[in-house]
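Q: Quick one, coords_9.pdb (PDB, C-alpha atoms and all ligand atoms):
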ATOM      1  CA  MET K1312     125.146  85.750  99.666
ATOM      2  CA  SER K1313     121.830  87.145 100.773
ATOM      3  CA  VAL K1314     120.430  85.956 104.082
ATOM      4  CA  LEU K1315     117.578  84.454 102.080
ATOM      5  CA  ASP K1316     120.006  82.096 100.354
ATOM      6  CA  GLU K1317     121.614  80.918 103.535
ATOM      7  CA  PRO K1318     121.149  77.275 104.385
ATOM      8  CA  LEU K1319     118.973  76.312 107.326
ATOM      9  CA  TYR K1320     120.763  76.847 110.562
ATOM     10  CA  PHE K1321     120.716  74.050 113.076
ATOM     11  CA  SER K1322     124.352  73.611 114.040
ATOM     12  CA  SER K1323     124.310  75.733 117.152
ATOM     13  CA  VAL K1324     120.920  74.588 118.407
ATOM     14  CA  PRO K1325     121.803  73.968 122.028
ATOM     15  CA  THR K1326     121.343  70.473 123.358
ATOM     16  CA  ARG K1327     122.007  71.052 127.049
ATOM     17  CA  GLU K1328     119.291  70.555 129.644
ATOM     18  CA  PRO K1329     116.602  73.189 130.042
ATOM     19  CA  ALA K1330     117.602  76.167 132.150
ATOM     20  CA  PRO K1331     115.297  76.807 135.106
ATOM     21  CA  ARG K1332     113.897  79.941 133.463
ATOM     22  CA  ALA K1333     113.397  80.002 129.722
ATOM     23  CA  ALA K1334     114.274  83.087 127.673
ATOM     24  CA  ARG K1335     111.510  85.125 126.072
ATOM     25  CA  VAL K1336     110.079  84.523 122.613
ATOM     26  CA  THR K1337     108.634  87.559 120.820
ATOM     27  CA  LEU K1338     106.120  86.732 118.090
ATOM     28  CA  VAL K1339     106.358  89.752 115.831
ATOM     29  CA  GLY K1340     104.059  90.738 112.970
ATOM     30  CA  ALA K1341     106.179  92.146 110.149
ATOM     31  CA  GLY K1342     103.233  93.697 108.308
ATOM     32  CA  PRO K1343     102.533  93.317 104.580
ATOM     33  CA  GLY K1344     106.044  94.017 103.314
ATOM     34  CA  ASP K1345     106.716  97.748 103.289
ATOM     35  CA  PRO K1346     109.117  98.448 106.203
ATOM     36  CA  GLU K1347     107.228 101.709 106.864
ATOM     37  CA  LEU K1348     104.229  99.615 107.848
ATOM     38  CA  LEU K1349     106.071  97.977 110.740
ATOM     39  CA  THR K1350     104.938  99.008 114.195
ATOM     40  CA  VAL K1351     107.380 100.925 116.380
ATOM     41  CA  ARG K1352     107.404  97.975 118.755
ATOM     42  CA  ALA K1353     108.193  95.509 115.966
ATOM     43  CA  GLU K1354     111.077  97.655 114.766
ATOM     44  CA  ARG K1355     112.477  97.920 118.285
ATOM     45  CA  ALA K1356     112.250  94.155 118.769
ATOM     46  CA  LEU K1357     114.128  93.585 115.507
ATOM     47  CA  ARG K1358     116.871  96.085 116.330
ATOM     48  CA  ARG K1359     117.462  94.388 119.676
ATOM     49  CA  ALA K1360     117.176  90.798 118.465
ATOM     50  CA  ARG K1361     120.071  88.350 118.557
ATOM     51  CA  LEU K1362     118.215  85.528 116.843
ATOM     52  CA  VAL K1363     115.340  85.828 114.357
ATOM     53  CA  LEU K1364     113.351  82.933 112.940
ATOM     54  CA  TYR K1365     111.513  84.371 109.944
ATOM     55  CA  ASP K1366     109.023  83.375 107.293
ATOM     56  CA  HIS K1367     109.561  83.392 103.559
ATOM     57  CA  LEU K1368     107.250  86.374 102.983
ATOM     58  CA  VAL K1369     109.281  88.783 105.129
ATOM     59  CA  PRO K1370     111.315  90.971 102.739
ATOM     60  CA  PRO K1371     115.079  91.576 103.068
ATOM     61  CA  GLU K1372     114.596  95.288 103.868
ATOM     62  CA  ILE K1373     112.832  94.315 107.080
ATOM     63  CA  LEU K1374     115.304  91.580 107.954
ATOM     64  CA  ALA K1375     118.082  94.142 107.504
ATOM     65  CA  LEU K1376     116.803  95.994 110.579
ATOM     66  CA  ALA K1377     117.907  93.053 112.725
ATOM     67  CA  ARG K1378     121.576  93.999 112.387
ATOM     68  CA  GLN K1379     122.814  92.123 115.424
ATOM     69  CA  ALA K1380     120.822  88.993 114.809
ATOM     70  CA  GLU K1381     121.428  85.601 113.397
ATOM     71  CA  LEU K1382     118.713  85.158 110.761
ATOM     72  CA  VAL K1383     117.095  81.804 110.110
ATOM     73  CA  CYS K1384     114.446  81.163 107.457
ATOM     74  CA  VAL K1385     111.969  78.643 108.815
ATOM     75  CA  GLY K1386     108.961  78.932 106.556
ATOM     76  CA  LYS K1387     108.166  79.018 102.892
ATOM     77  CA  GLU K1388     104.783  79.562 101.327
ATOM     78  CA  SER K1389     101.756  77.843 102.734
ATOM     79  CA  GLY K1390     101.797  74.115 102.198
ATOM     80  CA  ASP K1391     105.535  74.114 101.543
ATOM     81  CA  HIS K1392     107.045  74.676 104.948
ATOM     82  CA  THR K1393     110.800  74.568 105.198
ATOM     83  CA  LEU K1394     110.397  73.213 108.675
ATOM     84  CA  PRO K1395     107.272  71.282 109.651
ATOM     85  CA  GLN K1396     105.183  73.260 112.123
ATOM     86  CA  ALA K1397     105.654  70.784 114.986
ATOM     87  CA  GLU K1398     109.430  70.865 114.565
ATOM     88  CA  LEU K1399     109.424  74.630 114.434
ATOM     89  CA  CYS K1400     107.467  74.817 117.695
ATOM     90  CA  ALA K1401     109.834  72.310 119.303
ATOM     91  CA  LEU K1402     112.851  74.278 118.065
ATOM     92  CA  MET K1403     111.551  77.530 119.564
ATOM     93  CA  VAL K1404     110.890  75.853 122.890
ATOM     94  CA  ARG K1405     114.354  74.272 122.899
ATOM     95  CA  LEU K1406     116.098  77.530 122.046
ATOM     96  CA  ALA K1407     114.178  79.491 124.676
ATOM     97  CA  ARG K1408     114.853  76.881 127.349
ATOM     98  CA  SER K1409     118.536  77.005 126.565
ATOM     99  CA  GLY K1410     118.464  80.708 127.324
ATOM    100  CA  ARG K1411     118.363  82.159 123.804
ATOM    101  CA  ALA K1412     115.819  84.942 123.490
ATOM    102  CA  LEU K1413     114.426  85.018 119.990
ATOM    103  CA  VAL K1414     112.126  86.892 117.677
ATOM    104  CA  ARG K1415     109.707  84.826 115.640
ATOM    105  CA  LEU K1416     109.004  87.105 112.688
ATOM    106  CA  LYS K1417     105.875  86.454 110.667
ATOM    107  CA  GLY K1418     104.248  88.233 107.716
ATOM    108  CA  GLY K1419     101.288  90.494 108.423
ATOM    109  CA  ASP K1420      99.761  89.836 111.818
ATOM    110  CA  PRO K1421     100.907  86.766 113.745
ATOM    111  CA  TYR K1422      97.367  85.790 114.678
ATOM    112  CA  ILE K1423      95.841  85.982 111.187
ATOM    113  CA  PHE K1424      96.528  82.878 109.093
ATOM    114  CA  GLY K1425     100.117  82.683 110.187
ATOM    115  CA  ARG K1426      99.821  79.773 112.591
ATOM    116  CA  GLY K1427     100.919  82.192 115.281
ATOM    117  CA  GLY K1428      98.166  80.804 117.473
ATOM    118  CA  GLU K1429      99.655  77.327 117.274
ATOM    119  CA  GLU K1430     103.112  78.642 118.048
ATOM    120  CA  ALA K1431     101.846  80.619 121.032
ATOM    121  CA  GLN K1432     100.011  77.513 122.286
ATOM    122  CA  ALA K1433     103.219  75.471 122.097
ATOM    123  CA  LEU K1434     105.138  78.146 124.018
ATOM    124  CA  ALA K1435     102.404  78.422 126.640
ATOM    125  CA  ALA K1436     102.282  74.643 127.055
ATOM    126  CA  ALA K1437     106.043  74.556 127.573
ATOM    127  CA  GLY K1438     105.995  77.414 130.063
ATOM    128  CA  VAL K1439     108.078  79.666 127.814
ATOM    129  CA  PRO K1440     107.348  83.375 128.347
ATOM    130  CA  PHE K1441     106.232  85.065 125.156
ATOM    131  CA  GLU K1442     104.899  88.340 123.845
ATOM    132  CA  VAL K1443     102.899  89.003 120.665
ATOM    133  CA  VAL K1444     103.505  92.177 118.661
ATOM    134  CA  PRO K1445     100.588  92.686 116.277
ATOM    135  CA  GLY K1446     101.193  93.634 112.663
ATOM    136  CA  ILE K1447      99.234  95.201 109.840
ATOM    137  CA  SER K1448      97.574  92.334 108.057
ATOM    138  CA  ALA K1449      97.570  92.001 104.277
ATOM    139  CA  ALA K1450      93.828  92.758 104.159
ATOM    140  CA  GLN K1451      94.338  96.168 105.721
ATOM    141  CA  ALA K1452      97.266  97.026 103.485
ATOM    142  CA  ALA K1453      95.411  95.879 100.369
ATOM    143  CA  ALA K1454      92.293  97.828 101.336
ATOM    144  CA  ALA K1455      94.217 101.048 101.897
ATOM    145  CA  GLU K1456      96.326 100.760  98.800
ATOM    146  CA  ALA K1457      93.622  99.602  96.395
ATOM    147  CA  GLY K1458      90.974 102.013  97.686
ATOM    148  CA  MET K1459      88.586  99.331  98.932
ATOM    149  CA  PRO K1460      87.481 100.125 102.508
ATOM    150  CA  LEU K1461      86.748  96.820 104.229
ATOM    151  CA  THR K1462      83.540  98.187 105.710
ATOM    152  CA  HIS K1463      81.365 101.014 104.441
ATOM    153  CA  ARG K1464      77.870 102.054 105.461
ATOM    154  CA  ASP K1465      76.559 101.773 101.896
ATOM    155  CA  HIS K1466      78.156  98.428 101.061
ATOM    156  CA  ALA K1467      79.313  96.252 103.930
ATOM    157  CA  ALA K1468      78.460  96.092 107.611
ATOM    158  CA  ALA K1469      80.817  93.176 108.223
ATOM    159  CA  VAL K1470      84.097  91.806 106.965
ATOM    160  CA  VAL K1471      85.074  88.148 106.870
ATOM    161  CA  LEU K1472      88.676  86.995 106.635
ATOM    162  CA  ALA K1473      88.945  83.473 105.230
ATOM    163  CA  THR K1474      91.562  81.184 103.766
ATOM    164  CA  GLY K1475      91.388  79.654 100.309
ATOM    165  CA  HIS K1476      94.131  77.200 101.131
ATOM    166  CA  ARG K1477      93.151  73.624 100.425
ATOM    167  CA  ARG K1478      93.119  71.361 103.428
ATOM    168  CA  GLY K1479      95.099  68.152 103.278
ATOM    169  CA  ASP K1480      95.946  66.098 100.225
ATOM    170  CA  GLN K1481      92.298  65.766  99.233
ATOM    171  CA  GLY K1482      92.320  69.352  98.065
ATOM    172  CA  MET K1483      89.101  70.154  99.896
ATOM    173  CA  LEU K1484      88.141  73.776 100.264
ATOM    174  CA  ASP K1485      86.939  73.794 103.825
ATOM    175  CA  MET K1486      84.627  76.792 103.815
ATOM    176  CA  ASP K1487      81.184  77.767 105.013
ATOM    177  CA  TRP K1488      79.956  78.993 101.618
ATOM    178  CA  ALA K1489      76.528  80.063 102.832
ATOM    179  CA  ALA K1490      78.131  82.343 105.440
ATOM    180  CA  LEU K1491      80.626  83.741 102.926
ATOM    181  CA  ALA K1492      77.897  84.468 100.391
ATOM    182  CA  ARG K1493      75.826  86.656 102.731
ATOM    183  CA  PRO K1494      74.845  90.090 101.405
ATOM    184  CA  ARG K1495      76.289  93.377 102.678
ATOM    185  CA  GLN K1496      79.629  92.049 103.751
ATOM    186  CA  THR K1497      83.178  92.119 102.440
ATOM    187  CA  VAL K1498      84.899  88.774 102.009
ATOM    188  CA  VAL K1499      88.690  88.755 102.020
ATOM    189  CA  ILE K1500      90.364  85.507 101.076
ATOM    190  CA  TYR K1501      94.003  84.855 101.892
ATOM    191  CA  MET K1502      95.980  82.204  99.988
ATOM    192  CA  GLY K1503      93.276  81.974  97.347
ATOM    193  CA  VAL K1504      95.145  82.493  94.071
ATOM    194  CA  SER K1505      95.364  78.846  93.079
ATOM    195  CA  THR K1506      91.776  78.182  94.172
ATOM    196  CA  LEU K1507      90.299  81.363  92.705
ATOM    197  CA  GLU K1508      88.053  79.654  90.187
ATOM    198  CA  PRO K1509      86.267  77.272  92.597
ATOM    199  CA  ILE K1510      85.956  80.052  95.170
ATOM    200  CA  CYS K1511      84.237  82.423  92.737
ATOM    201  CA  ALA K1512      82.019  79.600  91.461
ATOM    202  CA  GLN K1513      80.981  78.524  94.968
ATOM    203  CA  LEU K1514      80.204  82.063  96.083
ATOM    204  CA  ALA K1515      77.947  82.454  93.040
ATOM    205  CA  ALA K1516      76.382  79.030  93.593
ATOM    206  CA  HIS K1517      75.538  79.992  97.170
ATOM    207  CA  GLY K1518      73.695  83.160  96.341
ATOM    208  CA  LEU K1519      76.038  86.008  95.392
ATOM    209  CA  ALA K1520      75.211  87.535  92.006
ATOM    210  CA  GLU K1521      77.717  86.652  89.309
ATOM    211  CA  ASP K1522      78.360  90.326  88.731
ATOM    212  CA  THR K1523      79.351  90.928  92.361
ATOM    213  CA  PRO K1524      82.534  93.050  92.236
ATOM    214  CA  ALA K1525      85.700  91.074  92.998
ATOM    215  CA  ALA K1526      89.373  92.008  92.946
ATOM    216  CA  LEU K1527      92.789  90.525  93.440
ATOM    217  CA  VAL K1528      95.387  92.700  95.132
ATOM    218  CA  GLU K1529      98.856  91.342  94.490
ATOM    219  CA  ARG K1530     101.936  92.304  96.541
ATOM    220  CA  ALA K1531     100.134  95.031  98.499
ATOM    221  CA  SER K1532     102.582  97.649  99.842
ATOM    222  CA  ARG K1533     105.473  96.071  97.921
ATOM    223  CA  ALA K1534     107.287  97.046  94.752
ATOM    224  CA  GLY K1535     105.379  95.949  91.669
ATOM    225  CA  SER K1536     102.056  95.803  93.477
ATOM    226  CA  ARG K1537      99.034  95.351  91.172
ATOM    227  CA  ARG K1538      95.319  94.949  91.334
ATOM    228  CA  VAL K1539      93.037  93.153  88.970
ATOM    229  CA  VAL K1540      89.386  94.108  89.218
ATOM    230  CA  GLY K1541      86.383  92.293  87.793
ATOM    231  CA  THR K1542      83.394  90.325  88.995
ATOM    232  CA  LEU K1543      82.893  86.809  90.333
ATOM    233  CA  ARG K1544      82.269  85.748  86.740
ATOM    234  CA  THR K1545      85.196  87.528  85.066
ATOM    235  CA  LEU K1546      87.958  87.524  87.681
ATOM    236  CA  PRO K1547      89.324  83.969  87.210
ATOM    237  CA  ALA K1548      90.025  84.586  83.502
ATOM    238  CA  LEU K1549      91.466  88.052  84.231
ATOM    239  CA  ALA K1550      93.784  86.541  86.847
ATOM    240  CA  LEU K1551      95.093  84.025  84.333
ATOM    241  CA  GLN K1552      95.458  86.670  81.661
ATOM    242  CA  HIS K1553      97.476  88.940  83.942
ATOM    243  CA  GLU K1554      99.338  86.079  85.603
ATOM    244  CA  VAL K1555      98.505  87.033  89.169
ATOM    245  CA  ARG K1556     100.817  85.297  91.615
ATOM    246  CA  SER K1557     100.967  84.826  95.363
ATOM    247  CA  PRO K1558     101.073  86.788  97.597
ATOM    248  CA  ALA K1559      97.702  88.145  96.621
ATOM    249  CA  LEU K1560      94.352  88.653  98.299
ATOM    250  CA  LEU K1561      90.877  88.185  96.893
ATOM    251  CA  ILE K1562      88.406  90.876  97.935
ATOM    252  CA  VAL K1563      84.716  90.337  97.141
ATOM    253  CA  GLY K1564      81.829  92.733  97.703
ATOM    254  CA  GLY K1565      80.396  96.139  96.923
ATOM    255  CA  VAL K1566      83.352  97.988  98.472
ATOM    256  CA  VAL K1567      85.472  96.909  95.500
ATOM    257  CA  THR K1568      83.666  99.489  93.319
ATOM    258  CA  LEU K1569      84.997 102.294  95.525
ATOM    259  CA  HIS K1570      88.482 101.816  94.114
ATOM    260  CA  GLU K1571      87.501 103.906  91.098
ATOM    261  CA  VAL K1572      87.292 106.983  93.297
ATOM    262  CA  LEU K1573      89.576 106.113  96.189
ATOM    263  CA  ALA K1574      92.572 104.340  94.668
ATOM    264  CA  ALA K1575      93.740 107.300  92.626
ATOM    265  CA  GLN K1576      94.505 109.253  95.778
ATOM    266  CA  GLY K1577      96.789 106.631  97.275
ATOM    267  CA  VAL K1578     100.503 107.136  96.807
ATOM    268  CA  ALA K1579     100.921 103.412  96.326
ATOM    269  CA  SER K1580      98.580 103.461  93.340
ATOM    270  CA  THR K1581     101.297 105.118  91.264
ATOM    271  CA  HIS K1582     102.964 101.746  90.913
ATOM    272  CA  SER K1583      99.757  99.720  90.734
ATOM    273  CA  LYS K1584      97.717  98.783  87.721
ATOM    274  CA  THR K1585      93.970  98.378  87.506
ATOM    275  CA  TYR K1586      92.245  96.259  84.914
ATOM    276  CA  ALA K1587      88.547  96.789  84.443
TER     277      ALA K1587
HETATM  278  N1  LIG A   1      99.680  86.628 108.708
HETATM  279  C1  LIG A   1      99.570  87.160 107.364
HETATM  280  C2  LIG A   1      98.932  86.185 106.411
HETATM  281  C3  LIG A   1      99.735  84.924 106.195
HETATM  282  S1  LIG A   1      99.012  83.855 105.014
HETATM  283  C4  LIG A   1      98.805  88.492 107.413
HETATM  284  O1  LIG A   1      98.233  88.836 108.450
HETATM  285  O2  LIG A   1      98.791  89.196 106.402
HETATM  286  C5  LIG A   1      99.838  84.355 103.524
HETATM  287  C6  LIG A   1      98.847  85.003 102.584
HETATM  288  O3  LIG A   1      98.630  86.363 102.973
HETATM  289  C7  LIG A   1      99.298  85.098 101.146
HETATM  290  O4  LIG A   1      99.066  83.891 100.451
HETATM  291  C8  LIG A   1      98.418  86.213 100.622
HETATM  292  O5  LIG A   1      97.097  85.763 100.387
HETATM  293  C9  LIG A   1      98.374  87.136 101.824
HETATM  294  N2  LIG A   1      99.397  88.208 101.738
HETATM  295  C10 LIG A   1     100.465  88.370 102.516
HETATM  296  N3  LIG A   1     101.154  89.480 102.171
HETATM  297  C11 LIG A   1     100.480  90.035 101.140
HETATM  298  C12 LIG A   1     100.660  91.214 100.352
HETATM  299  N4  LIG A   1     101.695  92.032 100.546
HETATM  300  N5  LIG A   1      99.742  91.482  99.380
HETATM  301  C13 LIG A   1      98.696  90.663  99.174
HETATM  302  N6  LIG A   1      98.468  89.538  99.894
HETATM  303  C14 LIG A   1      99.351  89.228 100.859
END
Starting from the file, lay out its structure as structure tokens.
A:
Amino acid sequence: MSVLDEPLYFSSVPTREPAPRAARVTLVGAGPGDPELLTVRAERALRRARLVLYDHLVPPEILALARQAELVCVGKESGDHTLPQAELCALMVRLARSGRALVRLKGGDPYIFGRGGEEAQALAAAGVPFEVVPGISAAQAAAAEAGMPLTHRDHAAAVVLATGHRRGDQGMLDMDWAALARPRQTVVIYMGVSTLEPICAQLAAHGLAEDTPAALVERASRAGSRRVVGTLRTLPALALQHEVRSPALLIVGGVVTLHEVLAAQGVASTHSKTYA
């Protein structure tokens, strides 16, 4: 049985009173998926770990580095958390106070759309010592692999990272459209596959030309990675046609056009597909 199939582990969660000094929690960014994109510090933390609480997006090849550790899956995709965030924070605090050092392993960078900030706040509030090991975020991996520099003097003087995840049951897209639709910037949207159509429509409604280049980069740095390239007008239909699935990033802006020249040189592009 793969570690990913293992049931949630709670049985040995200690219940004794807090020790005077809590053990350390290390919030580790696992990067976009390719184990070669782990930092040296992240790899060291995994090799030393005895207990790892990991998210759904972390691939087995990376988990396999934590040979001595008990592995616990605590998070699925956004909106479908195996363990509610508050319970996860409470669990980490409880484990640390009982003397169990642990690695909290998160996809990409812990402080970019991973709720790492909330977890760090909970640890700080509880007086648990913690360290954050940054990771390569999906935007950086997608940019490198797809040949779309996030900034470029001719196209974008700024880059905005935003989430396309709907907030609450109302399904509201909580975004500052006017800010996202500014010229000469690259917009990268995480968790935006299911909301692609309203996002493209809103960006156009708030001032971006309908033929602004836009791309989806699916599974950046992972096996079977693909990119689908179009414009704000054409991308939603292309995404349906090619059945783009999460994890994928939406990249909007002039830098997308650079993929025609830059993507061919990337090693990763040999297993990627581009659709004009
Ligand atoms: N902390 C992570 C982001 C977590 S939110 C980071 O810094 O990358 C999860 C979203 O990240 C996914 O829905 C998807 O939009 C994006 N993502 C994560 N890994 C990805 C990958 N390999 N390729 C493309 N997008 C990815």
Q: Would you name the residues within 9 Å of ligand LIG 1 (chain A), counting all atoms listed in the file, and put them as a PyMOL selection string?
A: chain K and resi 1340-1345+1368-1369+1388-1389+1417-1427+1446-1453+1474-1476+1500-1504+1527-1533+1536+1557-1561
Q: Residues within 8 Å of Val1363 of chain K, please, as an NGL selection string. Count all atoms listed in the file; anything in the same chain fewer than 3 positions from it doesn't count.
A: :K and (1357 or 1360 or 1377 or 1380-1383 or 1413-1416)
Q: Nearest to Glu1442 of chain K: which of K:Val1540, K:Ala1353, K:Ala1548, K:Ile1373 is it, counting all atoms listed in the file?
A: K:Ala1353
Q: For segment 1432-1435 of chain K, list every protein, DNA or RNA residue within 12 Å, evaluated using only C-alpha atoms, and leave out those in the same chain fewer than 2 positions away; present the list as a tab-separated table (two decimals) with C-alpha atoms, in the frame of the given file.
A:
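part_30.tsv was written with the following content:
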chain	number	residue	atom	x	y	z
K	1333	ALA	CA	113.40	80.00	129.72
K	1334	ALA	CA	114.27	83.09	127.67
K	1335	ARG	CA	111.51	85.12	126.07
K	1336	VAL	CA	110.08	84.52	122.61
K	1337	THR	CA	108.63	87.56	120.82
K	1338	LEU	CA	106.12	86.73	118.09
K	1396	GLN	CA	105.18	73.26	112.12
K	1397	ALA	CA	105.65	70.78	114.99
K	1398	GLU	CA	109.43	70.86	114.56
K	1399	LEU	CA	109.42	74.63	114.43
K	1400	CYS	CA	107.47	74.82	117.70
K	1401	ALA	CA	109.83	72.31	119.30
K	1402	LEU	CA	112.85	74.28	118.06
K	1403	MET	CA	111.55	77.53	119.56
K	1404	VAL	CA	110.89	75.85	122.89
K	1405	ARG	CA	114.35	74.27	122.90
K	1406	LEU	CA	116.10	77.53	122.05
K	1407	ALA	CA	114.18	79.49	124.68
K	1408	ARG	CA	114.85	76.88	127.35
K	1415	ARG	CA	109.71	84.83	115.64
K	1422	TYR	CA	97.37	85.79	114.68
K	1426	ARG	CA	99.82	79.77	112.59
K	1427	GLY	CA	100.92	82.19	115.28
K	1428	GLY	CA	98.17	80.80	117.47
K	1429	GLU	CA	99.66	77.33	117.27
K	1430	GLU	CA	103.11	78.64	118.05
K	1437	ALA	CA	106.04	74.56	127.57
K	1438	GLY	CA	106.00	77.41	130.06
K	1439	VAL	CA	108.08	79.67	127.81
K	1440	PRO	CA	107.35	83.38	128.35
K	1441	PHE	CA	106.23	85.06	125.16
K	1442	GLU	CA	104.90	88.34	123.84
K	1443	VAL	CA	102.90	89.00	120.66
Q: Provide the atom CA of Leu1472 of chain K to atom CA of Val1499 of chain K distance in Å, to one decimal place.
A: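 Going from atom CA of Leu1472 of chain K over to atom CA of Val1499 of chain K covers 4.9 Å.
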Q: Record the distance separating atom CA of Met1483 of chain K and atom CA of Ala1467 of chain K, expressed in Å with one decimal.
A: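 Computing it gives 28.2 Å between the two atoms.
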Q: So what do you get for atom CA of Cys1384 of chain K versus atom CA of Thr1506 of chain K, distance-wise?
A: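 Value for the atom CA of Cys1384 of chain K-atom CA of Thr1506 of chain K distance: 26.4 Å.
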Q: Smallest atom-to-atom distance to Thr1542 of chain K: which of K:Thr1350, K:Val1567, K:Arg1556, K:His1517, using all atoms listed in the file?
A: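 Among K:Thr1350, K:Val1567, K:Arg1556, K:His1517, it is K:Val1567 that comes nearest to Thr1542 of chain K.
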Q: Just the residues within 8 Å of Arg1358 of chain K, please, counting only C-alpha atoms, with nothing from its chain fewer than 2 positions along; format it as a VMD selection string.
A: chain K and resid 1354 to 1356 1360 1376 to 1379
Q: As AutoDock Vina command-line options, please report the centre and edge lengths, rounded to one decimal in Å, of the axis-aligned box that holds all listed atoms of segment 1429-1443 of chain K with 6 Å of padding on each of the six sides.
A:
--center_x 103.9 --center_y 81.8 --center_z 123.7 --size_x 20.4 --size_y 26.4 --size_z 24.8
Q: So, with only C-alpha atoms as the atoms that count, which of K:Val1351, K:Leu1362, K:Met1486, K:Ala1455 lies closest to Pro1509 of chain K?
A: K:Met1486
Q: Expanded to explicit residues, what is the PyMOL selection byres (((chain K and resi 1526) around 12) and not hetatm) for this file, as a PyMOL selection string?
A: chain K and resi 1453-1454+1457-1459+1497-1500+1503-1504+1507+1511+1522-1525+1527-1529+1537-1547+1549-1550+1555+1559-1570+1584-1587
Q: For the selection you just gave me, I'd like the residues written to a file as a PDB file, in the frame of the given file, keeping C-alpha atoms.
A:
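And here's part14.pdb as it stands now:
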ATOM      1  CA  ALA K1453      95.411  95.879 100.369  1.00  0.00           C
ATOM      2  CA  ALA K1454      92.293  97.828 101.336  1.00  0.00           C
ATOM      3  CA  ALA K1457      93.622  99.602  96.395  1.00  0.00           C
ATOM      4  CA  GLY K1458      90.974 102.013  97.686  1.00  0.00           C
ATOM      5  CA  MET K1459      88.586  99.331  98.932  1.00  0.00           C
ATOM      6  CA  THR K1497      83.178  92.119 102.440  1.00  0.00           C
ATOM      7  CA  VAL K1498      84.899  88.774 102.009  1.00  0.00           C
ATOM      8  CA  VAL K1499      88.690  88.755 102.020  1.00  0.00           C
ATOM      9  CA  ILE K1500      90.364  85.507 101.076  1.00  0.00           C
ATOM     10  CA  GLY K1503      93.276  81.974  97.347  1.00  0.00           C
ATOM     11  CA  VAL K1504      95.145  82.493  94.071  1.00  0.00           C
ATOM     12  CA  LEU K1507      90.299  81.363  92.705  1.00  0.00           C
ATOM     13  CA  CYS K1511      84.237  82.423  92.737  1.00  0.00           C
ATOM     14  CA  ASP K1522      78.360  90.326  88.731  1.00  0.00           C
ATOM     15  CA  THR K1523      79.351  90.928  92.361  1.00  0.00           C
ATOM     16  CA  PRO K1524      82.534  93.050  92.236  1.00  0.00           C
ATOM     17  CA  ALA K1525      85.700  91.074  92.998  1.00  0.00           C
ATOM     18  CA  LEU K1527      92.789  90.525  93.440  1.00  0.00           C
ATOM     19  CA  VAL K1528      95.387  92.700  95.132  1.00  0.00           C
ATOM     20  CA  GLU K1529      98.856  91.342  94.490  1.00  0.00           C
ATOM     21  CA  ARG K1537      99.034  95.351  91.172  1.00  0.00           C
ATOM     22  CA  ARG K1538      95.319  94.949  91.334  1.00  0.00           C
ATOM     23  CA  VAL K1539      93.037  93.153  88.970  1.00  0.00           C
ATOM     24  CA  VAL K1540      89.386  94.108  89.218  1.00  0.00           C
ATOM     25  CA  GLY K1541      86.383  92.293  87.793  1.00  0.00           C
ATOM     26  CA  THR K1542      83.394  90.325  88.995  1.00  0.00           C
ATOM     27  CA  LEU K1543      82.893  86.809  90.333  1.00  0.00           C
ATOM     28  CA  ARG K1544      82.269  85.748  86.740  1.00  0.00           C
ATOM     29  CA  THR K1545      85.196  87.528  85.066  1.00  0.00           C
ATOM     30  CA  LEU K1546      87.958  87.524  87.681  1.00  0.00           C
ATOM     31  CA  PRO K1547      89.324  83.969  87.210  1.00  0.00           C
ATOM     32  CA  LEU K1549      91.466  88.052  84.231  1.00  0.00           C
ATOM     33  CA  ALA K1550      93.784  86.541  86.847  1.00  0.00           C
ATOM     34  CA  VAL K1555      98.505  87.033  89.169  1.00  0.00           C
ATOM     35  CA  ALA K1559      97.702  88.145  96.621  1.00  0.00           C
ATOM     36  CA  LEU K1560      94.352  88.653  98.299  1.00  0.00           C
ATOM     37  CA  LEU K1561      90.877  88.185  96.893  1.00  0.00           C
ATOM     38  CA  ILE K1562      88.406  90.876  97.935  1.00  0.00           C
ATOM     39  CA  VAL K1563      84.716  90.337  97.141  1.00  0.00           C
ATOM     40  CA  GLY K1564      81.829  92.733  97.703  1.00  0.00           C
ATOM     41  CA  GLY K1565      80.396  96.139  96.923  1.00  0.00           C
ATOM     42  CA  VAL K1566      83.352  97.988  98.472  1.00  0.00           C
ATOM     43  CA  VAL K1567      85.472  96.909  95.500  1.00  0.00           C
ATOM     44  CA  THR K1568      83.666  99.489  93.319  1.00  0.00           C
ATOM     45  CA  LEU K1569      84.997 102.294  95.525  1.00  0.00           C
ATOM     46  CA  HIS K1570      88.482 101.816  94.114  1.00  0.00           C
ATOM     47  CA  LYS K1584      97.717  98.783  87.721  1.00  0.00           C
ATOM     48  CA  THR K1585      93.970  98.378  87.506  1.00  0.00           C
ATOM     49  CA  TYR K1586      92.245  96.259  84.914  1.00  0.00           C
ATOM     50  CA  ALA K1587      88.547  96.789  84.443  1.00  0.00           C
TER      51      ALA K1587
END
Q: Between K:Ile1510, K:Pro1460, K:Asp1465, K:Asp1487, which has the minimum distance to Leu1573 of chain K (counting only C-alpha atoms)?
A: K:Pro1460
Q: Measuring atom to atom with all atoms listed in the file, identify which of K:Ala1534, K:Ala1515, K:Val1471, K:Leu1461 is nearest to Pro1370 of chain K.
A: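 Ranking K:Ala1534, K:Ala1515, K:Val1471, K:Leu1461 by distance to Pro1370 of chain K, first place goes to K:Ala1534.
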Q: Given all atoms listed in the file as the basis, pick out the residue of K:Gln1496, K:Ala1516, K:Leu1364, K:Val1339 nearest to Thr1462 of chain K.
A: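 Closest residue, counting all atoms listed in the file: K:Gln1496.
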